[in-house]
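Some notes on the structure that comes next.
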Amino acid sequence: MNRVAVTLLLVAGFAVAAAPPGVGDKAPDFALQSLRGETVRLSQVTARGPVVLIVLRGFPGYQCPICNRQVQEFLRNGKAFRDAGAQVVMVYPGPGQDLKSCADEFAADKTFPGNFHLLLDPDYQFTNLYQLRWNAPKETAYPSTFLIDRRGVVFFARISNSHGGRTTAADALEALHKHANGK
């Protein structure tokens, strides 16, 4: 086990790794609310099959146009993700006050298939758990994507330290297919 995996901090009652999860690491479990008020727990979603976990910038004071394009691209490929047996979990972080109304605005022009979940991360609970807080003016979280198998183990991880450099739907689908074929 590497040093990062062993090093834990206690933050707001959560045990968190000192670094974001990487390939081969167990993804920290979490439970967040959907826009409809349903609690979604990562461990329950991974039990159904692989999960594509996308961390958006959420609401840094405006609706991120790059997040919008990324989400629209994943939605356009919704059938391919369903055919791959994958659940797509998108985390929308931001300050707790008015986060739901901001997320409702973000989702207003989008149709989420049944295997897609847009979850709220009020006051950065998830973002801090995954060590993805981009603590700078007009920032919330580093845009990131993790692919997680049924056992809760990360088999793909990409964290962008800028607004660009995000995982595309094609990247995620390729990683899902390679994983399914044991490559």
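Here, A, B, ... name the chains of the structure tokens in the order displayed, residue numbers run from 1 inside each chain, and ligands are numbered from 1 in the same displayed order.
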
Find the residues around A:Pro95 up to 9 Å (only C-alpha atoms counted), leave out those fewer than 2 positions away in its own chain, and share them as a PyMOL selection string. chain A and resi 59-60+93+97-99+121-124+140

So which residues touch A:Thr39 within 12 Å, counting only C-alpha atoms, skipping near sequence neighbours fewer than 5 positions away, as a PyMOL selection string? chain A and resi 30-34+44-45+117-121

For A:Leu132, which residue among A:Lys100, A:Val91, A:Leu176, A:Phe112 is the nearest when counting only C-alpha atoms? A:Val91

From a DSSP pass on the backbone, collect the residues of stretch 56-181 of chain A flagged as strand (DSSP E) and hand them back as a ChimeraX atom specification. /A:87-94,116-122,144-148,154-159

Residues at most 12 Å from A:Tyr62, counting only C-alpha atoms, excluding those fewer than 6 positions away in the same chain, as a VMD selection string? chain A and resid 68 94 99 102 to 103 105 to 106 138 to 140

The selected residues should be written to file as a short mmCIF file (atom, residue, chain, number, x, y, z; two decimals), in the first residue's frame (atoms: C-alpha atoms).
data_model
loop_
_atom_site.label_atom_id
_atom_site.label_comp_id
_atom_site.auth_asym_id
_atom_site.auth_seq_id
_atom_site.Cartn_x
_atom_site.Cartn_y
_atom_site.Cartn_z
CA ASN A 68 -21.90 22.79 -19.88
CA GLY A 94 -20.56 25.10 -4.62
CA LEU A 99 -26.68 25.68 -4.73
CA CYS A 102 -27.99 27.13 -9.42
CA ALA A 103 -27.94 23.41 -10.27
CA GLU A 105 -30.58 26.41 -13.74
CA PHE A 106 -27.61 24.37 -15.02
CA LYS A 138 -14.16 32.15 -8.63
CA GLU A 139 -13.16 28.46 -8.33
CA THR A 140 -14.75 25.47 -6.65
#

List every residue of stretch 24-180 of chain A that DSSP, applied to the backbone of this structure, assigns to alpha helix (DSSP H), and report them as an MDAnalysis selection string. chainID A and resid 42:46 65:76 78:83 99:107 125:129 169:180

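The two atoms in question, atom CA of A:Ala27 and atom CA of A:Ile148, are spaced 7.2 Å apart.
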
Could you name the residues that touch A:Met90 at 12 Å or less, counting only C-alpha atoms, but leaving out those on the same chain fewer than 4 positions away, as a PyMOL selection string? chain A and resi 32-35+40+42+51-58+67-68+70-72+74-75+103+107+112+115-121+126+143-147

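Shortest atom-to-atom contact with A:Arg150 among A:Asn77, A:Thr167, A:Thr111, A:Gln87: A:Gln87, counting only C-alpha atoms.
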
Just checking: using only C-alpha atoms, which residue out of A:Ala19, A:Asn161, A:Ala80, A:Ser43 ends up closest to A:Asn135? A:Asn161
